[in-house]
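So this block is query29.cif, mmCIF, C-alpha atoms; chains and numbers go by the auth columns:
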data_my_file
loop_
_atom_site.group_PDB
_atom_site.id
_atom_site.type_symbol
_atom_site.label_atom_id
_atom_site.label_comp_id
_atom_site.label_asym_id
_atom_site.label_seq_id
_atom_site.Cartn_x
_atom_site.Cartn_y
_atom_site.Cartn_z
_atom_site.B_iso_or_equiv
_atom_site.auth_seq_id
_atom_site.auth_asym_id
ATOM 1 C CA MET A 1 21.366 4.891 18.221 0.00 1441 A
ATOM 2 C CA SER A 2 20.685 7.602 20.767 0.00 1442 A
ATOM 3 C CA GLY A 3 22.367 10.147 18.502 0.00 1443 A
ATOM 4 C CA ILE A 4 20.006 9.796 15.541 0.00 1444 A
ATOM 5 C CA ASP A 5 16.910 11.860 14.848 0.00 1445 A
ATOM 6 C CA TRP A 6 13.890 9.624 15.454 0.00 1446 A
ATOM 7 C CA GLN A 7 11.487 11.914 13.610 0.00 1447 A
ATOM 8 C CA PRO A 8 12.037 10.289 10.164 0.00 1448 A
ATOM 9 C CA LEU A 9 11.331 6.871 11.671 0.00 1449 A
ATOM 10 C CA TRP A 10 8.113 8.024 13.339 0.00 1450 A
ATOM 11 C CA LEU A 11 7.061 9.733 10.113 0.00 1451 A
ATOM 12 C CA THR A 12 7.751 6.492 8.234 0.00 1452 A
ATOM 13 C CA LEU A 13 5.566 4.527 10.654 0.00 1453 A
ATOM 14 C CA LYS A 14 2.828 7.158 10.356 0.00 1454 A
ATOM 15 C CA LEU A 15 2.936 7.031 6.558 0.00 1455 A
ATOM 16 C CA ALA A 16 3.018 3.226 6.410 0.00 1456 A
ATOM 17 C CA THR A 17 0.144 2.888 8.881 0.00 1457 A
ATOM 18 C CA ALA A 18 -2.068 5.446 7.119 0.00 1458 A
ATOM 19 C CA THR A 19 -1.262 3.938 3.711 0.00 1459 A
ATOM 20 C CA THR A 20 -2.116 0.433 4.893 0.00 1460 A
ATOM 21 C CA LEU A 21 -5.430 1.522 6.397 0.00 1461 A
ATOM 22 C CA LEU A 22 -6.435 3.257 3.165 0.00 1462 A
ATOM 23 C CA LEU A 23 -5.374 0.228 1.143 0.00 1463 A
ATOM 24 C CA ILE A 24 -7.563 -2.020 3.287 0.00 1464 A
ATOM 25 C CA LEU A 25 -10.538 0.238 2.566 0.00 1465 A
ATOM 26 C CA CYS A 26 -9.978 0.524 -1.190 0.00 1466 A
ATOM 27 C CA GLY A 27 -7.943 -2.601 -1.991 0.00 1467 A
ATOM 28 C CA ILE A 28 -10.494 -5.141 -0.760 0.00 1468 A
ATOM 29 C CA PRO A 29 -13.379 -3.940 -2.979 0.00 1469 A
ATOM 30 C CA ILE A 30 -11.006 -3.496 -5.952 0.00 1470 A
ATOM 31 C CA ALA A 31 -9.729 -7.055 -5.558 0.00 1471 A
ATOM 32 C CA TYR A 32 -13.305 -8.335 -5.244 0.00 1472 A
ATOM 33 C CA ARG A 33 -14.468 -6.540 -8.395 0.00 1473 A
ATOM 34 C CA ILE A 34 -11.486 -7.674 -10.455 0.00 1474 A
ATOM 35 C CA ALA A 35 -11.576 -11.255 -9.171 0.00 1475 A
ATOM 36 C CA PHE A 36 -15.200 -11.837 -10.179 0.00 1476 A
ATOM 37 C CA SER A 37 -15.395 -9.517 -13.153 0.00 1477 A
ATOM 38 C CA ARG A 38 -16.421 -10.965 -16.520 0.00 1478 A
ATOM 39 C CA SER A 39 -15.808 -7.733 -18.372 0.00 1479 A
ATOM 40 C CA ARG A 40 -13.579 -7.631 -21.429 0.00 1480 A
ATOM 41 C CA LEU A 41 -11.814 -4.738 -19.729 0.00 1481 A
ATOM 42 C CA LYS A 42 -10.617 -6.943 -16.853 0.00 1482 A
ATOM 43 C CA PRO A 43 -7.052 -7.251 -18.287 0.00 1483 A
ATOM 44 C CA LEU A 44 -6.924 -3.452 -18.489 0.00 1484 A
ATOM 45 C CA TRP A 45 -7.884 -3.029 -14.820 0.00 1485 A
ATOM 46 C CA GLU A 46 -5.378 -5.709 -13.797 0.00 1486 A
ATOM 47 C CA THR A 47 -2.666 -3.956 -15.792 0.00 1487 A
ATOM 48 C CA LEU A 48 -3.407 -0.553 -14.259 0.00 1488 A
ATOM 49 C CA VAL A 49 -3.331 -1.966 -10.727 0.00 1489 A
ATOM 50 C CA SER A 50 -0.104 -3.883 -11.376 0.00 1490 A
ATOM 51 C CA MET A 51 1.786 -1.069 -13.113 0.00 1491 A
ATOM 52 C CA PRO A 52 3.655 0.045 -9.942 0.00 1492 A
ATOM 53 C CA LEU A 53 5.273 -3.416 -9.807 0.00 1493 A
ATOM 54 C CA VAL A 54 7.212 -2.814 -13.021 0.00 1494 A
ATOM 55 C CA LEU A 55 7.228 0.977 -13.296 0.00 1495 A
ATOM 56 C CA PRO A 56 10.346 2.664 -11.829 0.00 1496 A
ATOM 57 C CA PRO A 57 9.290 4.551 -8.672 0.00 1497 A
ATOM 58 C CA SER A 58 10.887 7.746 -9.972 0.00 1498 A
ATOM 59 C CA VAL A 59 8.684 7.592 -13.087 0.00 1499 A
ATOM 60 C CA LEU A 60 5.516 7.227 -11.055 0.00 1500 A
ATOM 61 C CA GLY A 61 6.695 9.952 -8.679 0.00 1501 A
ATOM 62 C CA PHE A 62 7.507 12.279 -11.574 0.00 1502 A
ATOM 63 C CA TYR A 63 4.052 12.006 -13.138 0.00 1503 A
ATOM 64 C CA LEU A 64 2.349 12.396 -9.774 0.00 1504 A
ATOM 65 C CA LEU A 65 4.510 15.475 -9.169 0.00 1505 A
ATOM 66 C CA LEU A 66 3.316 16.925 -12.466 0.00 1506 A
ATOM 67 C CA ALA A 67 -0.312 16.049 -11.726 0.00 1507 A
ATOM 68 C CA PHE A 68 -0.236 17.572 -8.230 0.00 1508 A
ATOM 69 C CA SER A 69 1.710 20.686 -9.207 0.00 1509 A
ATOM 70 C CA PRO A 70 -0.317 23.947 -9.080 0.00 1510 A
ATOM 71 C CA GLN A 71 1.254 24.812 -12.449 0.00 1511 A
ATOM 72 C CA HIS A 72 -0.831 22.082 -14.070 0.00 1512 A
ATOM 73 C CA ALA A 73 -4.605 21.856 -14.480 0.00 1513 A
ATOM 74 C CA PHE A 74 -5.377 19.122 -11.931 0.00 1514 A
ATOM 75 C CA GLY A 75 -3.097 20.509 -9.240 0.00 1515 A
ATOM 76 C CA ALA A 76 -4.441 24.030 -9.798 0.00 1516 A
ATOM 77 C CA TRP A 77 -8.013 22.719 -9.511 0.00 1517 A
ATOM 78 C CA LEU A 78 -7.208 20.912 -6.255 0.00 1518 A
ATOM 79 C CA GLU A 79 -5.654 24.024 -4.743 0.00 1519 A
ATOM 80 C CA GLN A 80 -8.298 26.467 -5.973 0.00 1520 A
ATOM 81 C CA TYR A 81 -11.473 24.523 -5.247 0.00 1521 A
ATOM 82 C CA LEU A 82 -10.511 21.983 -2.571 0.00 1522 A
ATOM 83 C CA HIS A 83 -7.679 23.985 -0.974 0.00 1523 A
ATOM 84 C CA LEU A 84 -5.401 20.943 -1.239 0.00 1524 A
ATOM 85 C CA LYS A 85 -1.702 21.359 -1.833 0.00 1525 A
ATOM 86 C CA LEU A 86 -0.316 17.894 -2.442 0.00 1526 A
ATOM 87 C CA VAL A 87 3.197 18.704 -3.638 0.00 1527 A
ATOM 88 C CA PHE A 88 5.767 18.544 -0.813 0.00 1528 A
ATOM 89 C CA SER A 89 3.114 17.590 1.738 0.00 1529 A
ATOM 90 C CA PHE A 90 2.256 14.526 3.814 0.00 1530 A
ATOM 91 C CA ALA A 91 -1.095 14.231 2.013 0.00 1531 A
ATOM 92 C CA GLY A 92 0.723 14.000 -1.312 0.00 1532 A
ATOM 93 C CA LEU A 93 3.050 11.350 0.093 0.00 1533 A
ATOM 94 C CA LEU A 94 0.044 9.390 1.315 0.00 1534 A
ATOM 95 C CA ILE A 95 -1.712 9.405 -2.063 0.00 1535 A
ATOM 96 C CA GLY A 96 1.498 8.442 -3.855 0.00 1536 A
ATOM 97 C CA SER A 97 2.137 5.638 -1.362 0.00 1537 A
ATOM 98 C CA VAL A 98 -1.371 4.240 -1.788 0.00 1538 A
ATOM 99 C CA ILE A 99 -0.974 4.135 -5.572 0.00 1539 A
ATOM 100 C CA PHE A 100 2.536 2.699 -5.349 0.00 1540 A
ATOM 101 C CA SER A 101 1.600 -0.070 -2.889 0.00 1541 A
ATOM 102 C CA LEU A 102 -1.838 -0.885 -4.329 0.00 1542 A
ATOM 103 C CA PRO A 103 -0.791 -4.113 -6.112 0.00 1543 A
ATOM 104 C CA PHE A 104 0.709 -5.490 -2.900 0.00 1544 A
ATOM 105 C CA MET A 105 -2.745 -5.389 -1.350 0.00 1545 A
ATOM 106 C CA VAL A 106 -4.883 -6.245 -4.357 0.00 1546 A
ATOM 107 C CA GLN A 107 -2.972 -9.132 -5.925 0.00 1547 A
ATOM 108 C CA PRO A 108 -2.863 -11.502 -2.894 0.00 1548 A
ATOM 109 C CA LEU A 109 -6.570 -10.866 -2.258 0.00 1549 A
ATOM 110 C CA GLN A 110 -7.535 -11.271 -5.907 0.00 1550 A
ATOM 111 C CA SER A 111 -5.640 -14.554 -6.195 0.00 1551 A
ATOM 112 C CA ALA A 112 -7.181 -15.929 -2.994 0.00 1552 A
ATOM 113 C CA LEU A 113 -10.708 -14.876 -3.993 0.00 1553 A
ATOM 114 C CA GLN A 114 -10.369 -16.518 -7.403 0.00 1554 A
ATOM 115 C CA ASN A 115 -9.239 -19.764 -5.742 0.00 1555 A
ATOM 116 C CA LEU A 116 -12.275 -19.992 -3.467 0.00 1556 A
ATOM 117 C CA PRO A 117 -14.965 -22.546 -4.397 0.00 1557 A
ATOM 118 C CA PRO A 118 -17.514 -20.852 -6.708 0.00 1558 A
ATOM 119 C CA SER A 119 -20.276 -22.382 -4.589 0.00 1559 A
ATOM 120 C CA LEU A 120 -19.595 -19.862 -1.784 0.00 1560 A
ATOM 121 C CA LEU A 121 -20.423 -16.886 -3.978 0.00 1561 A
ATOM 122 C CA GLU A 122 -23.293 -18.637 -5.747 0.00 1562 A
ATOM 123 C CA ALA A 123 -24.938 -19.731 -2.484 0.00 1563 A
ATOM 124 C CA SER A 124 -24.767 -16.227 -1.059 0.00 1564 A
ATOM 125 C CA ARG A 125 -26.275 -14.686 -4.159 0.00 1565 A
ATOM 126 C CA THR A 126 -28.982 -17.363 -4.283 0.00 1566 A
ATOM 127 C CA LEU A 127 -29.964 -16.348 -0.753 0.00 1567 A
ATOM 128 C CA GLY A 128 -30.243 -12.746 -1.940 0.00 1568 A
ATOM 129 C CA LYS A 129 -27.332 -11.418 0.107 0.00 1569 A
ATOM 130 C CA PRO A 130 -25.831 -8.103 -1.107 0.00 1570 A
ATOM 131 C CA ASP A 131 -22.274 -8.006 -2.401 0.00 1571 A
ATOM 132 C CA TRP A 132 -20.909 -6.199 0.677 0.00 1572 A
ATOM 133 C CA TYR A 133 -22.360 -8.902 2.970 0.00 1573 A
ATOM 134 C CA THR A 134 -20.963 -11.677 0.767 0.00 1574 A
ATOM 135 C CA LEU A 135 -17.522 -10.092 0.792 0.00 1575 A
ATOM 136 C CA LEU A 136 -17.284 -9.193 4.479 0.00 1576 A
ATOM 137 C CA ARG A 137 -19.100 -12.125 6.096 0.00 1577 A
ATOM 138 C CA ILE A 138 -18.415 -15.031 3.752 0.00 1578 A
ATOM 139 C CA LEU A 139 -15.422 -14.492 1.485 0.00 1579 A
ATOM 140 C CA LEU A 140 -12.957 -12.538 3.641 0.00 1580 A
ATOM 141 C CA PRO A 141 -13.085 -14.974 6.591 0.00 1581 A
ATOM 142 C CA ASN A 142 -11.979 -17.691 4.153 0.00 1582 A
ATOM 143 C CA ILE A 143 -8.957 -15.755 2.881 0.00 1583 A
ATOM 144 C CA ARG A 144 -7.523 -14.417 6.137 0.00 1584 A
ATOM 145 C CA PRO A 145 -3.926 -15.474 5.345 0.00 1585 A
ATOM 146 C CA ALA A 146 -4.081 -13.586 2.037 0.00 1586 A
ATOM 147 C CA LEU A 147 -5.539 -10.530 3.782 0.00 1587 A
ATOM 148 C CA LEU A 148 -2.774 -10.633 6.375 0.00 1588 A
ATOM 149 C CA SER A 149 -0.154 -10.985 3.646 0.00 1589 A
ATOM 150 C CA GLY A 150 -1.607 -8.021 1.768 0.00 1590 A
ATOM 151 C CA ILE A 151 -1.615 -5.861 4.885 0.00 1591 A
ATOM 152 C CA VAL A 152 1.947 -6.734 5.837 0.00 1592 A
ATOM 153 C CA LEU A 153 3.365 -6.447 2.315 0.00 1593 A
ATOM 154 C CA SER A 154 1.688 -3.058 1.857 0.00 1594 A
ATOM 155 C CA PHE A 155 3.068 -1.801 5.170 0.00 1595 A
ATOM 156 C CA ALA A 156 6.580 -3.118 4.550 0.00 1596 A
ATOM 157 C CA HIS A 157 6.624 -1.817 0.977 0.00 1597 A
ATOM 158 C CA THR A 158 5.659 1.667 2.151 0.00 1598 A
ATOM 159 C CA VAL A 159 8.397 1.618 4.786 0.00 1599 A
ATOM 160 C CA GLY A 160 10.993 1.024 2.058 0.00 1600 A
ATOM 161 C CA GLU A 161 9.768 3.660 -0.409 0.00 1601 A
ATOM 162 C CA PHE A 162 12.324 6.084 -1.788 0.00 1602 A
ATOM 163 C CA GLY A 163 11.753 7.236 -5.365 0.00 1603 A
ATOM 164 C CA VAL A 164 8.096 8.156 -5.037 0.00 1604 A
ATOM 165 C CA VAL A 165 8.441 9.965 -1.713 0.00 1605 A
ATOM 166 C CA LEU A 166 11.523 11.861 -2.886 0.00 1606 A
ATOM 167 C CA MET A 167 9.790 13.083 -6.069 0.00 1607 A
ATOM 168 C CA ILE A 168 6.508 14.102 -4.419 0.00 1608 A
ATOM 169 C CA GLY A 169 7.602 15.087 -0.935 0.00 1609 A
ATOM 170 C CA GLY A 170 11.157 16.272 -1.356 0.00 1610 A
ATOM 171 C CA ASN A 171 13.173 16.344 1.835 0.00 1611 A
ATOM 172 C CA ILE A 172 11.317 18.463 4.383 0.00 1612 A
ATOM 173 C CA PRO A 173 11.999 17.518 8.035 0.00 1613 A
ATOM 174 C CA GLY A 174 8.824 16.633 9.889 0.00 1614 A
ATOM 175 C CA VAL A 175 6.755 16.697 6.696 0.00 1615 A
ATOM 176 C CA SER A 176 8.248 14.404 4.074 0.00 1616 A
ATOM 177 C CA LYS A 177 11.663 13.299 5.340 0.00 1617 A
ATOM 178 C CA VAL A 178 11.026 9.603 5.944 0.00 1618 A
ATOM 179 C CA ALA A 179 13.639 7.056 7.007 0.00 1619 A
ATOM 180 C CA SER A 180 14.712 6.073 3.479 0.00 1620 A
ATOM 181 C CA ILE A 181 15.391 9.743 2.665 0.00 1621 A
ATOM 182 C CA ALA A 182 17.253 10.156 5.953 0.00 1622 A
ATOM 183 C CA ILE A 183 19.526 7.231 5.056 0.00 1623 A
ATOM 184 C CA TYR A 184 20.268 8.833 1.695 0.00 1624 A
ATOM 185 C CA ASP A 185 21.047 12.168 3.376 0.00 1625 A
ATOM 186 C CA GLU A 186 23.422 10.595 5.888 0.00 1626 A
ATOM 187 C CA VAL A 187 25.288 8.687 3.179 0.00 1627 A
ATOM 188 C CA GLU A 188 25.565 11.890 1.126 0.00 1628 A
ATOM 189 C CA SER A 189 27.072 13.564 4.218 0.00 1629 A
ATOM 190 C CA LEU A 190 29.427 10.590 4.738 0.00 1630 A
ATOM 191 C CA ASN A 191 27.798 10.027 8.131 0.00 1631 A
ATOM 192 C CA TYR A 192 27.765 6.249 7.822 0.00 1632 A
ATOM 193 C CA ALA A 193 27.136 5.650 11.522 0.00 1633 A
ATOM 194 C CA ALA A 194 23.781 7.452 11.395 0.00 1634 A
ATOM 195 C CA ALA A 195 22.930 5.800 8.059 0.00 1635 A
ATOM 196 C CA HIS A 196 23.669 2.418 9.596 0.00 1636 A
ATOM 197 C CA ALA A 197 21.459 3.211 12.599 0.00 1637 A
ATOM 198 C CA TYR A 198 18.482 4.101 10.389 0.00 1638 A
ATOM 199 C CA ALA A 199 19.085 1.101 8.127 0.00 1639 A
ATOM 200 C CA ALA A 200 19.401 -1.268 11.079 0.00 1640 A
ATOM 201 C CA VAL A 201 16.057 -0.151 12.508 0.00 1641 A
ATOM 202 C CA LEU A 202 14.336 -0.709 9.160 0.00 1642 A
ATOM 203 C CA LEU A 203 16.084 -4.061 8.721 0.00 1643 A
ATOM 204 C CA VAL A 204 14.945 -5.339 12.118 0.00 1644 A
ATOM 205 C CA MET A 205 11.435 -3.991 11.571 0.00 1645 A
ATOM 206 C CA SER A 206 11.080 -5.616 8.148 0.00 1646 A
ATOM 207 C CA PHE A 207 12.488 -8.939 9.339 0.00 1647 A
ATOM 208 C CA SER A 208 10.155 -9.002 12.357 0.00 1648 A
ATOM 209 C CA ILE A 209 7.095 -8.188 10.254 0.00 1649 A
ATOM 210 C CA LEU A 210 7.801 -10.882 7.665 0.00 1650 A
ATOM 211 C CA LEU A 211 8.690 -13.481 10.297 0.00 1651 A
ATOM 212 C CA THR A 212 5.384 -12.814 12.062 0.00 1652 A
ATOM 213 C CA VAL A 213 3.459 -13.304 8.818 0.00 1653 A
ATOM 214 C CA TYR A 214 5.141 -16.611 8.040 0.00 1654 A
ATOM 215 C CA ILE A 215 4.563 -17.887 11.575 0.00 1655 A
ATOM 216 C CA VAL A 216 0.885 -16.890 11.546 0.00 1656 A
ATOM 217 C CA ASN A 217 0.311 -18.391 8.087 0.00 1657 A
ATOM 218 C CA ARG A 218 2.087 -21.591 9.092 0.00 1658 A
ATOM 219 C CA ARG A 219 -0.091 -21.961 12.187 0.00 1659 A
ATOM 220 C CA HIS A 220 -3.191 -21.253 10.113 0.00 1660 A
ATOM 221 C CA ALA A 221 -2.191 -23.902 7.564 0.00 1661 A
ATOM 222 C CA HIS A 222 -1.614 -26.443 10.330 0.00 1662 A
ATOM 223 C CA GLY A 223 -4.971 -25.540 11.878 0.00 1663 A
ATOM 224 C CA GLN A 224 -6.723 -26.046 8.542 0.00 1664 A
ATOM 225 C CA GLY A 225 -4.945 -29.339 8.021 0.00 1665 A
ATOM 226 C CA GLY A 226 -6.002 -30.612 11.422 0.00 1666 A
ATOM 227 C CA ARG A 227 -9.695 -30.119 10.740 0.00 1667 A
#
Please express what this file holds, its structure, as structure tokens.
Amino acid sequence: MSGIDWQPLWLTLKLATATTLLLILCGIPIAYRIAFSRSRLKPLWETLVSMPLVLPPSVLGFYLLLAFSPQHAFGAWLEQYLHLKLVFSFAGLLIGSVIFSLPFMVQPLQSALQNLPPSLLEASRTLGKPDWYTLLRILLPNIRPALLSGIVLSFAHTVGEFGVVLMIGGNIPGVSKVASIAIYDEVESLNYAAAHAYAAVLLVMSFSILLTVYIVNRRHAHGQGGR
């Protein structure tokens, strides 16, 4: 493996880490709002969040490419007023990755929140605690396995992205050439040894991440059962 370029792997880790951190910040409040919403629009919000699960990545990437392009109204506005160029940039990859991996963070949290005893939320509100306090200090500590699962699934899903990153970021070394794109390039060049090296690193990484989650969740379940 000494002969491969490690830059795509480091860029993949950078993208997955940044995406996961942003998903923690936005996914937790989204899951909380959806879980306890009584609005008639709740199915609509759930559908919008879950769309990346069934939508082909190339479709999502294509529409994001159009939206971010300076030739279209939104992309032109971003570039003119905010000086943001999202097409073929790491920032564009990051936004696309957050949208693409959003359901992997929101759905485990939403399901866990909805399965909590209603008395937890009612007691907190009866005591006059604000929603942020209820979420951070009462609800989240009771759904730690779901939070861990959301974090790990979001990270692992970002590591394996291909269609979205190819459409938005292209194939620019050091900017948007992540490991999945590097594998594709090496296969196209018939350099199977390098493709295998990249794939093996991602395989070991993904296996290790998932194994850690299952071990931690198993220990947590045993700890809960022993109480």
- Message: Can you translate the PyMOL selection byres ((chain A and resi 1459-1461) around 9) into the concrete residues it hits in this file, as a ChimeraX atom specification?
- Response: /A:1454-1458,1462-1466,1534-1535,1537-1538,1541,1545,1591-1592,1594-1595,1598
- Message: I want to know what sits within 10 Å of A:Gly1515, based on only C-alpha atoms, with residues of the same chain fewer than 2 positions away left out; could you give that as JSON, numbers by chain?
- Response: {"A": [1504, 1505, 1506, 1507, 1508, 1509, 1510, 1511, 1512, 1513, 1517, 1518, 1519, 1520, 1524, 1525, 1526, 1527]}
- Item | Shell around A:Val1489 at 12 Å using all atoms listed in the file, local window under 4 positions removed, as a ChimeraX atom specification | /A:1466-1467,1470-1471,1474,1482-1485,1493-1495,1538-1547,1550
- Neighbour list for A:Tyr1503 as a PyMOL selection string, cut-off 10 Å, all atoms listed in the file, skip fewer than 6 positions in-chain: chain A and resi 1509+1604+1607-1608
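From atom CA of A:Ser1646 back to atom CA of A:Phe1502, the distance works out to 26.9 Å.
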- Task: On this file, the PyMOL selection byres ((chain A and resi 1574) around 10) gives some set of residues; write that set as number ranges by chain.
- Result: A: 1560-1565, 1568-1573, 1575-1580
